[in-house]
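Shown here: target-v2.pdb, PDB, C-alpha atoms.
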MODEL        1
ATOM      1  CA  MET H   1     -38.098 -37.336 -24.915
ATOM      2  CA  GLU H   2     -34.485 -37.631 -23.777
ATOM      3  CA  LYS H   3     -33.365 -35.128 -26.412
ATOM      4  CA  LEU H   4     -36.133 -32.735 -25.371
ATOM      5  CA  SER H   5     -35.090 -32.939 -21.709
ATOM      6  CA  ILE H   6     -31.504 -32.125 -22.727
ATOM      7  CA  TRP H   7     -32.632 -29.012 -24.606
ATOM      8  CA  ILE H   8     -34.821 -27.947 -21.682
ATOM      9  CA  SER H   9     -31.821 -28.382 -19.401
ATOM     10  CA  ALA H  10     -29.715 -26.249 -21.772
ATOM     11  CA  MET H  11     -32.295 -23.454 -21.468
ATOM     12  CA  ARG H  12     -31.627 -23.389 -17.689
ATOM     13  CA  LEU H  13     -35.240 -22.954 -16.624
ATOM     14  CA  ARG H  14     -34.278 -22.088 -13.062
ATOM     15  CA  THR H  15     -32.856 -18.768 -14.318
ATOM     16  CA  LEU H  16     -36.101 -17.672 -15.979
ATOM     17  CA  PRO H  17     -38.073 -16.439 -12.924
ATOM     18  CA  LEU H  18     -35.268 -14.015 -12.037
ATOM     19  CA  SER H  19     -35.285 -12.556 -15.553
ATOM     20  CA  VAL H  20     -38.946 -11.458 -15.261
ATOM     21  CA  SER H  21     -38.717 -10.006 -11.738
ATOM     22  CA  GLY H  22     -38.154  -6.514 -13.157
ATOM     23  CA  ILE H  23     -41.145  -6.906 -15.483
ATOM     24  CA  ILE H  24     -43.326  -7.789 -12.495
ATOM     25  CA  LEU H  25     -42.226  -4.642 -10.645
ATOM     26  CA  ALA H  26     -42.683  -2.364 -13.641
ATOM     27  CA  SER H  27     -46.132  -3.834 -14.274
ATOM     28  CA  CYS H  28     -47.198  -3.096 -10.693
ATOM     29  CA  PHE H  29     -45.987   0.502 -10.962
ATOM     30  CA  ALA H  30     -47.760   0.860 -14.307
ATOM     31  CA  HIS H  31     -50.988  -0.501 -12.803
ATOM     32  CA  TYR H  32     -50.720   1.914  -9.880
ATOM     33  CA  ASN H  33     -50.375   4.842 -12.298
ATOM     34  CA  GLY H  34     -53.170   3.618 -14.556
ATOM     35  CA  VAL H  35     -51.035   2.842 -17.624
ATOM     36  CA  PHE H  36     -50.824  -0.970 -17.455
ATOM     37  CA  SER H  37     -51.997  -3.075 -20.393
ATOM     38  CA  TRP H  38     -52.011  -6.873 -20.591
ATOM     39  CA  ASP H  39     -50.793  -7.098 -24.183
ATOM     40  CA  ILE H  40     -47.637  -5.105 -23.441
ATOM     41  CA  GLY H  41     -47.109  -6.990 -20.174
ATOM     42  CA  ILE H  42     -47.390 -10.424 -21.785
ATOM     43  CA  LEU H  43     -45.177  -9.455 -24.720
ATOM     44  CA  ALA H  44     -42.609  -7.979 -22.306
ATOM     45  CA  VAL H  45     -42.479 -11.279 -20.390
ATOM     46  CA  LEU H  46     -42.175 -13.352 -23.575
ATOM     47  CA  THR H  47     -39.473 -11.082 -24.989
ATOM     48  CA  THR H  48     -37.513 -11.147 -21.738
ATOM     49  CA  LEU H  49     -37.737 -14.936 -21.508
ATOM     50  CA  SER H  50     -36.537 -15.286 -25.104
ATOM     51  CA  PHE H  51     -33.529 -13.042 -24.382
ATOM     52  CA  GLN H  52     -32.732 -15.013 -21.228
ATOM     53  CA  ILE H  53     -32.908 -18.353 -23.040
ATOM     54  CA  LEU H  54     -30.718 -16.905 -25.790
ATOM     55  CA  SER H  55     -28.203 -15.818 -23.171
ATOM     56  CA  ASN H  56     -28.231 -19.257 -21.539
ATOM     57  CA  LEU H  57     -27.708 -21.088 -24.840
ATOM     58  CA  ALA H  58     -24.985 -18.657 -25.903
ATOM     59  CA  ASN H  59     -23.218 -19.049 -22.547
ATOM     60  CA  ASP H  60     -23.348 -22.823 -22.908
ATOM     61  CA  TYR H  61     -21.936 -22.565 -26.419
ATOM     62  CA  GLY H  62     -19.161 -20.120 -25.535
ATOM     63  CA  ASP H  63     -18.028 -21.978 -22.422
ATOM     64  CA  GLY H  64     -18.424 -25.326 -24.192
ATOM     65  CA  ILE H  65     -16.227 -24.645 -27.200
ATOM     66  CA  LYS H  66     -13.589 -22.992 -25.015
ATOM     67  CA  GLY H  67     -13.458 -25.967 -22.684
ATOM     68  CA  THR H  68     -14.500 -23.920 -19.650
ATOM     69  CA  ASP H  69     -17.363 -26.326 -19.005
ATOM     70  CA  ASN H  70     -15.426 -29.428 -18.005
ATOM     71  CA  ASN H  71     -15.428 -32.136 -15.370
ATOM     72  CA  ASN H  72     -13.827 -29.761 -12.860
ATOM     73  CA  ARG H  73     -16.989 -27.634 -12.738
ATOM     74  CA  ILE H  74     -19.166 -27.909  -9.638
ATOM     75  CA  GLY H  75     -22.454 -26.813 -11.195
ATOM     76  CA  PRO H  76     -24.900 -28.784 -13.357
ATOM     77  CA  GLU H  77     -23.510 -30.505 -16.461
ATOM     78  CA  ARG H  78     -23.910 -28.369 -19.586
ATOM     79  CA  ALA H  79     -25.114 -29.414 -23.020
ATOM     80  CA  ILE H  80     -21.838 -29.413 -24.979
ATOM     81  CA  GLN H  81     -19.955 -30.668 -21.933
ATOM     82  CA  SER H  82     -22.244 -33.722 -21.792
ATOM     83  CA  GLY H  83     -21.671 -34.519 -25.478
ATOM     84  CA  LYS H  84     -25.418 -34.954 -25.988
ATOM     85  CA  ILE H  85     -25.730 -31.735 -28.016
ATOM     86  CA  SER H  86     -23.086 -30.837 -30.581
ATOM     87  CA  PRO H  87     -21.700 -27.298 -30.950
ATOM     88  CA  GLU H  88     -23.281 -27.143 -34.420
ATOM     89  CA  GLU H  89     -26.714 -28.061 -33.057
ATOM     90  CA  LEU H  90     -26.436 -25.497 -30.283
ATOM     91  CA  LEU H  91     -25.268 -22.779 -32.692
ATOM     92  CA  ASN H  92     -28.275 -23.454 -34.944
ATOM     93  CA  ALA H  93     -30.577 -23.227 -31.923
ATOM     94  CA  ILE H  94     -28.976 -19.886 -31.019
ATOM     95  CA  LYS H  95     -29.616 -18.542 -34.524
ATOM     96  CA  ILE H  96     -33.283 -19.570 -34.321
ATOM     97  CA  ASN H  97     -33.568 -18.020 -30.881
ATOM     98  CA  ILE H  98     -32.111 -14.735 -32.146
ATOM     99  CA  LEU H  99     -34.844 -14.562 -34.792
ATOM    100  CA  ILE H 100     -37.518 -15.341 -32.201
ATOM    101  CA  SER H 101     -36.141 -12.701 -29.824
ATOM    102  CA  ILE H 102     -36.001 -10.028 -32.520
ATOM    103  CA  PHE H 103     -39.526 -10.887 -33.686
ATOM    104  CA  LEU H 104     -40.942 -10.678 -30.153
ATOM    105  CA  ALA H 105     -39.042  -7.452 -29.480
ATOM    106  CA  PHE H 106     -40.450  -5.950 -32.685
ATOM    107  CA  LEU H 107     -43.997  -6.917 -31.674
ATOM    108  CA  LEU H 108     -43.477  -5.466 -28.210
ATOM    109  CA  ILE H 109     -42.053  -2.169 -29.466
ATOM    110  CA  PHE H 110     -44.677  -1.741 -32.184
ATOM    111  CA  ASN H 111     -47.500  -2.668 -29.801
ATOM    112  CA  SER H 112     -46.259  -0.164 -27.239
ATOM    113  CA  PHE H 113     -45.225   2.804 -29.348
ATOM    114  CA  GLY H 114     -46.754   2.269 -32.775
ATOM    115  CA  VAL H 115     -45.796   5.104 -35.101
ATOM    116  CA  LYS H 116     -46.530   7.898 -32.616
ATOM    117  CA  HIS H 117     -43.330   7.724 -30.575
ATOM    118  CA  PHE H 118     -40.526   7.576 -33.134
ATOM    119  CA  TYR H 119     -37.617   8.349 -30.805
ATOM    120  CA  LEU H 120     -38.747   5.825 -28.201
ATOM    121  CA  THR H 121     -39.200   3.237 -30.947
ATOM    122  CA  LEU H 122     -35.667   3.940 -32.149
ATOM    123  CA  LEU H 123     -34.252   3.808 -28.605
ATOM    124  CA  PHE H 124     -35.880   0.464 -27.793
ATOM    125  CA  PHE H 125     -34.890  -0.952 -31.165
ATOM    126  CA  PHE H 126     -31.244  -0.302 -30.280
ATOM    127  CA  LEU H 127     -31.813  -1.652 -26.763
ATOM    128  CA  GLY H 128     -33.120  -4.870 -28.314
ATOM    129  CA  ILE H 129     -30.090  -5.163 -30.577
ATOM    130  CA  GLY H 130     -27.885  -4.387 -27.578
ATOM    131  CA  ALA H 131     -29.565  -7.165 -25.578
ATOM    132  CA  VAL H 132     -28.859  -9.684 -28.347
ATOM    133  CA  ILE H 133     -25.220  -8.599 -28.594
ATOM    134  CA  ALA H 134     -24.811  -8.663 -24.803
ATOM    135  CA  ALA H 135     -26.262 -12.180 -24.647
ATOM    136  CA  MET H 136     -23.881 -13.404 -27.347
ATOM    137  CA  ARG H 137     -20.728 -11.624 -26.247
ATOM    138  CA  TYR H 138     -20.798 -12.764 -22.633
ATOM    139  CA  THR H 139     -18.838 -15.945 -23.397
ATOM    140  CA  ILE H 140     -18.556 -16.082 -27.209
ATOM    141  CA  GLY H 141     -15.528 -14.634 -28.999
ATOM    142  CA  ASN H 142     -11.952 -13.771 -28.081
ATOM    143  CA  SER H 143     -13.036 -10.582 -26.317
ATOM    144  CA  ALA H 144     -15.988 -12.064 -24.385
ATOM    145  CA  TYR H 145     -16.708  -9.644 -21.538
ATOM    146  CA  GLY H 146     -17.670 -12.481 -19.190
ATOM    147  CA  TYR H 147     -14.055 -13.631 -19.355
ATOM    148  CA  LYS H 148     -12.799 -10.186 -18.333
ATOM    149  CA  GLY H 149     -14.871  -9.587 -15.207
ATOM    150  CA  PHE H 150     -17.503  -7.284 -16.716
ATOM    151  CA  GLY H 151     -20.502  -9.615 -16.488
ATOM    152  CA  ASP H 152     -21.761  -8.057 -13.259
ATOM    153  CA  ILE H 153     -22.095  -4.620 -14.883
ATOM    154  CA  PHE H 154     -24.155  -5.937 -17.786
ATOM    155  CA  VAL H 155     -26.398  -7.962 -15.457
ATOM    156  CA  PHE H 156     -27.036  -4.871 -13.327
ATOM    157  CA  ILE H 157     -27.921  -2.828 -16.411
ATOM    158  CA  PHE H 158     -30.164  -5.326 -18.212
ATOM    159  CA  PHE H 159     -31.748  -7.155 -15.253
ATOM    160  CA  GLY H 160     -32.185  -3.978 -13.236
ATOM    161  CA  ILE H 161     -32.281  -0.661 -15.095
ATOM    162  CA  VAL H 162     -33.506  -1.837 -18.497
ATOM    163  CA  SER H 163     -35.890  -4.398 -17.034
ATOM    164  CA  VAL H 164     -37.687  -2.132 -14.546
ATOM    165  CA  VAL H 165     -37.237   1.383 -15.929
ATOM    166  CA  GLY H 166     -37.377   0.278 -19.560
ATOM    167  CA  CYS H 167     -40.471  -1.852 -19.100
ATOM    168  CA  TYR H 168     -42.274   0.989 -17.328
ATOM    169  CA  VAL H 169     -41.522   3.267 -20.290
ATOM    170  CA  LEU H 170     -43.118   0.669 -22.557
ATOM    171  CA  PHE H 171     -46.332   1.105 -20.581
ATOM    172  CA  ALA H 172     -46.247   4.835 -19.841
ATOM    173  CA  LYS H 173     -44.161   6.227 -22.734
ATOM    174  CA  GLN H 174     -42.202   8.270 -20.196
ATOM    175  CA  LEU H 175     -39.800   7.864 -17.283
ATOM    176  CA  HIS H 176     -40.985   7.860 -13.682
ATOM    177  CA  HIS H 177     -38.880   8.440 -10.570
ATOM    178  CA  VAL H 178     -40.629   5.601  -8.702
ATOM    179  CA  THR H 179     -38.833   3.002 -10.820
ATOM    180  CA  PHE H 180     -35.198   3.921 -10.165
ATOM    181  CA  LEU H 181     -34.594   2.629  -6.626
ATOM    182  CA  PRO H 182     -36.386  -0.688  -7.274
ATOM    183  CA  ALA H 183     -34.467  -1.042 -10.555
ATOM    184  CA  CYS H 184     -31.157  -0.664  -8.723
ATOM    185  CA  THR H 185     -32.334  -3.083  -6.017
ATOM    186  CA  ILE H 186     -33.186  -5.841  -8.501
ATOM    187  CA  GLY H 187     -30.050  -5.092 -10.506
ATOM    188  CA  LEU H 188     -27.830  -5.475  -7.449
ATOM    189  CA  LEU H 189     -29.445  -8.749  -6.389
ATOM    190  CA  SER H 190     -29.200 -10.082  -9.951
ATOM    191  CA  ALA H 191     -25.493  -9.199  -9.952
ATOM    192  CA  ALA H 192     -25.249 -11.069  -6.641
ATOM    193  CA  VAL H 193     -26.744 -14.164  -8.302
ATOM    194  CA  LEU H 194     -24.085 -13.986 -11.008
ATOM    195  CA  ASN H 195     -21.369 -13.405  -8.430
ATOM    196  CA  LEU H 196     -22.532 -16.436  -6.458
ATOM    197  CA  ASN H 197     -22.401 -18.509  -9.632
ATOM    198  CA  ASN H 198     -18.878 -17.256 -10.291
ATOM    199  CA  MET H 199     -17.840 -17.894  -6.678
ATOM    200  CA  ARG H 200     -18.982 -21.497  -7.055
ATOM    201  CA  ASP H 201     -16.984 -21.913 -10.287
ATOM    202  CA  ARG H 202     -14.039 -19.732  -9.241
ATOM    203  CA  VAL H 203     -11.411 -22.491  -9.148
ATOM    204  CA  SER H 204     -12.372 -24.166 -12.426
ATOM    205  CA  ASP H 205     -12.848 -20.777 -14.142
ATOM    206  CA  GLN H 206      -9.345 -19.691 -13.114
ATOM    207  CA  GLN H 207      -7.915 -22.932 -14.470
ATOM    208  CA  SER H 208      -9.746 -22.295 -17.774
ATOM    209  CA  ASN H 209      -8.591 -18.658 -17.909
ATOM    210  CA  LYS H 210     -12.134 -17.350 -17.447
ATOM    211  CA  ILE H 211     -11.312 -14.284 -15.365
ATOM    212  CA  THR H 212     -14.598 -13.401 -13.693
ATOM    213  CA  LEU H 213     -14.803 -10.763 -10.997
ATOM    214  CA  ALA H 214     -14.859 -13.550  -8.399
ATOM    215  CA  VAL H 215     -11.562 -14.852  -9.809
ATOM    216  CA  LYS H 216     -10.046 -11.363  -9.716
ATOM    217  CA  LEU H 217     -11.179 -10.736  -6.159
ATOM    218  CA  GLY H 218     -10.354 -14.098  -4.654
ATOM    219  CA  GLU H 219     -12.458 -16.028  -2.130
ATOM    220  CA  ARG H 220     -12.430 -13.548   0.769
ATOM    221  CA  ASN H 221     -12.990 -10.379  -1.249
ATOM    222  CA  ALA H 222     -15.640 -12.069  -3.405
ATOM    223  CA  LYS H 223     -17.605 -12.766  -0.223
ATOM    224  CA  ILE H 224     -17.207  -9.139   0.869
ATOM    225  CA  TYR H 225     -18.357  -7.959  -2.567
ATOM    226  CA  HIS H 226     -21.335 -10.338  -2.333
ATOM    227  CA  SER H 227     -22.252  -8.876   1.049
ATOM    228  CA  ILE H 228     -22.028  -5.321  -0.312
ATOM    229  CA  LEU H 229     -24.374  -6.154  -3.203
ATOM    230  CA  ILE H 230     -27.028  -7.656  -0.949
ATOM    231  CA  VAL H 231     -26.779  -5.106   1.880
ATOM    232  CA  LEU H 232     -26.856  -2.195  -0.590
ATOM    233  CA  ALA H 233     -29.919  -3.716  -2.274
ATOM    234  CA  ILE H 234     -31.635  -3.926   1.117
ATOM    235  CA  ILE H 235     -30.731  -0.309   1.931
ATOM    236  CA  LEU H 236     -32.084   0.952  -1.403
ATOM    237  CA  SER H 237     -35.315  -1.004  -0.968
ATOM    238  CA  ILE H 238     -35.751   0.456   2.530
ATOM    239  CA  LEU H 239     -35.147   3.937   1.103
ATOM    240  CA  PHE H 240     -37.797   3.219  -1.537
ATOM    241  CA  GLY H 241     -40.227   2.106   1.167
ATOM    242  CA  VAL H 242     -39.624   5.262   3.207
ATOM    243  CA  LEU H 243     -39.839   7.696   0.289
ATOM    244  CA  TYR H 244     -43.072   6.230  -1.086
ATOM    245  CA  TYR H 245     -44.654   5.267   2.235
ATOM    246  CA  THR H 246     -48.420   5.566   2.583
ATOM    247  CA  SER H 247     -49.186   2.647   4.926
ATOM    248  CA  LEU H 248     -47.494  -0.250   6.704
ATOM    249  CA  LEU H 249     -48.687  -2.565   3.937
ATOM    250  CA  ASN H 250     -46.222  -0.857   1.591
ATOM    251  CA  LEU H 251     -43.420  -2.473   3.605
ATOM    252  CA  ILE H 252     -44.470  -6.122   3.258
ATOM    253  CA  PHE H 253     -41.349  -6.677   1.153
ATOM    254  CA  VAL H 254     -39.217  -6.681   4.328
ATOM    255  CA  VAL H 255     -40.334 -10.319   4.706
ATOM    256  CA  ALA H 256     -37.857 -11.131   1.902
ATOM    257  CA  TYR H 257     -35.002  -9.860   4.076
ATOM    258  CA  ILE H 258     -35.223 -12.994   6.229
ATOM    259  CA  PRO H 259     -34.060 -15.444   3.525
ATOM    260  CA  LEU H 260     -31.572 -12.819   2.294
ATOM    261  CA  PHE H 261     -29.852 -12.598   5.676
ATOM    262  CA  ILE H 262     -29.909 -16.393   6.085
ATOM    263  CA  HIS H 263     -28.347 -16.720   2.637
ATOM    264  CA  LEU H 264     -25.700 -14.125   3.403
ATOM    265  CA  LYS H 265     -24.715 -15.894   6.619
ATOM    266  CA  LYS H 266     -24.332 -19.212   4.770
ATOM    267  CA  VAL H 267     -22.183 -17.657   2.057
ATOM    268  CA  LEU H 268     -19.914 -15.858   4.510
ATOM    269  CA  ASN H 269     -19.410 -19.061   6.512
ATOM    270  CA  ASN H 270     -19.006 -21.269   3.443
ATOM    271  CA  ARG H 271     -15.918 -23.437   3.129
ATOM    272  CA  ASP H 272     -17.233 -25.899   0.518
ATOM    273  CA  LEU H 273     -17.909 -24.432  -2.958
ATOM    274  CA  VAL H 274     -20.286 -27.309  -3.779
ATOM    275  CA  LEU H 275     -22.753 -25.992  -1.191
ATOM    276  CA  LEU H 276     -23.014 -22.650  -3.008
ATOM    277  CA  ASP H 277     -24.956 -24.286  -5.858
ATOM    278  CA  SER H 278     -28.102 -24.736  -3.753
ATOM    279  CA  GLU H 279     -27.848 -21.104  -2.635
ATOM    280  CA  LEU H 280     -28.144 -19.917  -6.244
ATOM    281  CA  LYS H 281     -31.767 -21.001  -6.536
ATOM    282  CA  LYS H 282     -32.602 -19.576  -3.096
ATOM    283  CA  LEU H 283     -31.128 -16.160  -3.902
ATOM    284  CA  ALA H 284     -32.800 -16.003  -7.322
ATOM    285  CA  LEU H 285     -36.227 -16.930  -5.922
ATOM    286  CA  THR H 286     -35.803 -14.514  -3.014
ATOM    287  CA  THR H 287     -35.107 -11.745  -5.527
ATOM    288  CA  VAL H 288     -38.326 -12.635  -7.354
ATOM    289  CA  LEU H 289     -40.190 -12.668  -4.021
ATOM    290  CA  LEU H 290     -38.808  -9.231  -3.134
ATOM    291  CA  ALA H 291     -39.855  -7.865  -6.542
ATOM    292  CA  ILE H 292     -43.396  -9.240  -6.163
ATOM    293  CA  LEU H 293     -43.778  -7.914  -2.613
ATOM    294  CA  MET H 294     -42.365  -4.479  -3.509
ATOM    295  CA  GLY H 295     -44.812  -4.275  -6.383
ATOM    296  CA  ILE H 296     -47.825  -5.498  -4.415
ATOM    297  CA  GLY H 297     -46.896  -3.330  -1.437
ATOM    298  CA  HIS H 298     -46.863  -0.275  -3.676
ATOM    299  CA  LEU H 299     -50.357  -1.118  -4.884
ATOM    300  CA  LEU H 300     -51.816  -1.542  -1.383
TER     301      LEU H 300
ENDMDL
END
Starting from the file, lay out its structure as structure tokens.
Amino acid sequence: MEKLSIWISAMRLRTLPLSVSGIILASCFAHYNGVFSWDIGILAVLTTLSFQILSNLANDYGDGIKGTDNNNRIGPERAIQSGKISPEELLNAIKINILISIFLAFLLIFNSFGVKHFYLTLLFFFLGIGAVIAAMRYTIGNSAYGYKGFGDIFVFIFFGIVSVVGCYVLFAKQLHHVTFLPACTIGLLSAAVLNLNNMRDRVSDQQSNKITLAVKLGERNAKIYHSILIVLAIILSILFGVLYYTSLLNLIFVVAYIPLFIHLKKVLNNRDLVLLDSELKKLALTTVLLAILMGIGHLL
């Protein structure tokens, strides 16, 4: 049981709800337009969760073997850092997870497109391969992009654009303009979650030569950047609400602005990096809440 709890901890379960927020939104839009199907929706969730777990394990492995995860970190203790899981064990788990992710992605693509949509099948096949590579290259290797300040861009693309727009295409087999503003909104807030994580670990990351965007910007500018991400996400969601307005019920997602503004105030006033750890969960869950309310509001 102890070993199982260690592996569950390594999967970082608290990150999983955020990873499916885009799927929830896309599913609501698909339902509104009459193209939703449960099999595609369930497979999309399972595939996304497998990619997220792969990313978490790969991040643990990359940071662990490079010594970035050490006793100077503020966040939760990682698997290799704790010594309870060896690098070899974690690498084997990553290999298994890659196979699971590819298998689920294949089922999802085939179930959605079959043999009738060759170019879409080809596009999503490459997107799946790209997702695996992105998950692995964030911290693994000498040219890991997470060590060069590019993590935010990849999070915006995969958690926002690919998650919302891509998932909708799986349902509808075509693009739809309704997905773009919500995709950018979720992408920006997901980037904010990563930035908050990097703000928390900024000092230890700099000492380990992990040059995240938060390290490059410094404390003050990282807070400004964080504010821009959240405020821009709010503006885009308001624009979405105005453009697709049919009734006041469409705007129920503004409820999520309350915890967002409270969070932003706490971050801007923060002087103790340890306190940022609790804000990570709040921001991630608020992003999920916003996604659910935007989706439900669109259906009402």
Residues of stretch 93-146 of chain H within 10 Å of stretch 201-218 of chain H: nearest atom pair and distance (Å, one decimal) for each, counting all atoms listed in the file, sorted by chain and number, as CSV?
residue,atom,partner,partner_atom,distance
H:Thr139,CA,H:Lys210,CA,9.1
H:Ala144,CA,H:Lys210,CA,9.5
H:Tyr145,CA,H:Thr212,CA,9.0
H:Gly146,CA,H:Thr212,CA,6.4
Selection from above, C-alpha atoms, as a PDB file, in the coordinates of the input, can you write it?
ATOM      1  CA  THR H 139     -18.838 -15.945 -23.397  1.00  0.00           C
ATOM      2  CA  ALA H 144     -15.988 -12.064 -24.385  1.00  0.00           C
ATOM      3  CA  TYR H 145     -16.708  -9.644 -21.538  1.00  0.00           C
ATOM      4  CA  GLY H 146     -17.670 -12.481 -19.190  1.00  0.00           C
TER       5      GLY H 146
END
What would the selection look like, as a short mmCIF file (atom, residue, chain, number, x, y, z; two decimals) with C-alpha atoms, in the frame of the given file, if the PyMOL selection byres ((chain H and resi 59) around 8) were run on the coordinates I just shared?
data_model
loop_
_atom_site.label_atom_id
_atom_site.label_comp_id
_atom_site.auth_asym_id
_atom_site.auth_seq_id
_atom_site.Cartn_x
_atom_site.Cartn_y
_atom_site.Cartn_z
CA SER H 55 -28.20 -15.82 -23.17
CA ASN H 56 -28.23 -19.26 -21.54
CA LEU H 57 -27.71 -21.09 -24.84
CA ALA H 58 -24.98 -18.66 -25.90
CA ASP H 60 -23.35 -22.82 -22.91
CA TYR H 61 -21.94 -22.56 -26.42
CA GLY H 62 -19.16 -20.12 -25.54
CA ASP H 63 -18.03 -21.98 -22.42
CA ALA H 135 -26.26 -12.18 -24.65
CA MET H 136 -23.88 -13.40 -27.35
CA TYR H 138 -20.80 -12.76 -22.63
CA THR H 139 -18.84 -15.94 -23.40
CA ILE H 140 -18.56 -16.08 -27.21
#
Exercise for the section: Do a neighbour search on H:Phe124 at 10 Å with all atoms listed in the file, toss out local chain neighbours closer than 5 positions, and write the hits as a ChimeraX atom specification. Expected result: /H:105-106,108-109,113,119,129-130,162,166,169-170
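Distances here use only C-alpha atoms; by that measure, the residue among H:Ile98, H:Ile40, H:Ile85, H:Leu127 closest to H:Gly114 is H:Ile40.
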Exercise for the section: Find the residue from H:Cys28, H:Leu299, H:Met199, H:Ile102 that sits nearest to H:Leu54; use all atoms listed in the file when measuring. Expected result: H:Ile102
Problem - Distance query H:Glu279 at most 9 Å, all atoms listed in the file, self and fewer than 4 positions along chain excluded, as a list in words - result: Leu196, His263, Lys266, Val267, Leu275, Leu283 and Ala284 of chain H
Practice task
Identify all residues satisfying the PyMOL selection byres ((chain H and resi 157) around 12) in the given file; provide them as an MDAnalysis selection string.
Solution key: chainID H and resid 22 127 130:131 134 150:156 158:166 180 183:191
Practice task
Go ahead and compute the interatomic distance for atom CA of H:Ile292 and atom CA of H:Leu25, in Å to one decimal.
Solution key: 6.5 Å
Practice task
Using all atoms listed in the file, pick whichever of H:Gly141, H:Asp39, H:Leu300, H:Ile234 has the shortest atom-to-atom distance to H:Ser247.
Solution key: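 That would be H:Leu300, the residue with the smallest distance to H:Ser247.
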Practice task
Give me, please, the distance in Å between atom CA of H:Gly241 and atom CA of H:His226, quoted to one decimal.
Solution key: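 Computing it gives 22.9 Å between the two atoms.
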Rebuild stretch 39-44 of chain H so that it carries all heavy atoms, then output the result as a PDB file, in the coordinates of the input.
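Once written, out.pdb looks like this:
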ATOM      1  N   ASP H  39     -51.514  -6.702 -22.974  1.00  0.00           N
ATOM      2  CA  ASP H  39     -50.793  -7.098 -24.183  1.00  0.00           C
ATOM      3  C   ASP H  39     -49.312  -6.729 -24.093  1.00  0.00           C
ATOM      4  O   ASP H  39     -48.435  -7.529 -24.422  1.00  0.00           O
ATOM      5  CB  ASP H  39     -51.432  -6.501 -25.439  1.00  0.00           C
ATOM      6  CG  ASP H  39     -51.633  -4.997 -25.346  1.00  0.00           C
ATOM      7  OD1 ASP H  39     -51.492  -4.440 -24.236  1.00  0.00           O
ATOM      8  OD2 ASP H  39     -51.937  -4.374 -26.383  1.00  0.00           O
ATOM      9  N   ILE H  40     -49.033  -5.520 -23.605  1.00  0.00           N
ATOM     10  CA  ILE H  40     -47.637  -5.105 -23.441  1.00  0.00           C
ATOM     11  C   ILE H  40     -46.962  -5.943 -22.363  1.00  0.00           C
ATOM     12  O   ILE H  40     -45.809  -6.374 -22.527  1.00  0.00           O
ATOM     13  CB  ILE H  40     -47.551  -3.607 -23.082  1.00  0.00           C
ATOM     14  CG1 ILE H  40     -48.041  -2.762 -24.260  1.00  0.00           C
ATOM     15  CG2 ILE H  40     -46.119  -3.217 -22.711  1.00  0.00           C
ATOM     16  CD1 ILE H  40     -48.105  -1.274 -23.964  1.00  0.00           C
ATOM     17  N   GLY H  41     -47.674  -6.200 -21.261  1.00  0.00           N
ATOM     18  CA  GLY H  41     -47.109  -6.990 -20.174  1.00  0.00           C
ATOM     19  C   GLY H  41     -46.741  -8.403 -20.611  1.00  0.00           C
ATOM     20  O   GLY H  41     -45.637  -8.894 -20.310  1.00  0.00           O
ATOM     21  N   ILE H  42     -47.644  -9.050 -21.328  1.00  0.00           N
ATOM     22  CA  ILE H  42     -47.390 -10.424 -21.785  1.00  0.00           C
ATOM     23  C   ILE H  42     -46.249 -10.458 -22.792  1.00  0.00           C
ATOM     24  O   ILE H  42     -45.359 -11.317 -22.720  1.00  0.00           O
ATOM     25  CB  ILE H  42     -48.676 -11.026 -22.393  1.00  0.00           C
ATOM     26  CG1 ILE H  42     -49.723 -11.241 -21.299  1.00  0.00           C
ATOM     27  CG2 ILE H  42     -48.364 -12.355 -23.104  1.00  0.00           C
ATOM     28  CD1 ILE H  42     -51.085 -11.650 -21.808  1.00  0.00           C
ATOM     29  N   LEU H  43     -46.257  -9.514 -23.737  1.00  0.00           N
ATOM     30  CA  LEU H  43     -45.177  -9.455 -24.720  1.00  0.00           C
ATOM     31  C   LEU H  43     -43.835  -9.144 -24.064  1.00  0.00           C
ATOM     32  O   LEU H  43     -42.792  -9.666 -24.478  1.00  0.00           O
ATOM     33  CB  LEU H  43     -45.500  -8.403 -25.787  1.00  0.00           C
ATOM     34  CG  LEU H  43     -46.487  -8.823 -26.876  1.00  0.00           C
ATOM     35  CD1 LEU H  43     -46.859  -7.631 -27.753  1.00  0.00           C
ATOM     36  CD2 LEU H  43     -45.908  -9.953 -27.737  1.00  0.00           C
ATOM     37  N   ALA H  44     -43.849  -8.304 -23.030  1.00  0.00           N
ATOM     38  CA  ALA H  44     -42.609  -7.979 -22.306  1.00  0.00           C
ATOM     39  C   ALA H  44     -42.046  -9.224 -21.632  1.00  0.00           C
ATOM     40  O   ALA H  44     -40.832  -9.466 -21.656  1.00  0.00           O
ATOM     41  CB  ALA H  44     -42.867  -6.886 -21.276  1.00  0.00           C
TER      42      ALA H  44
END
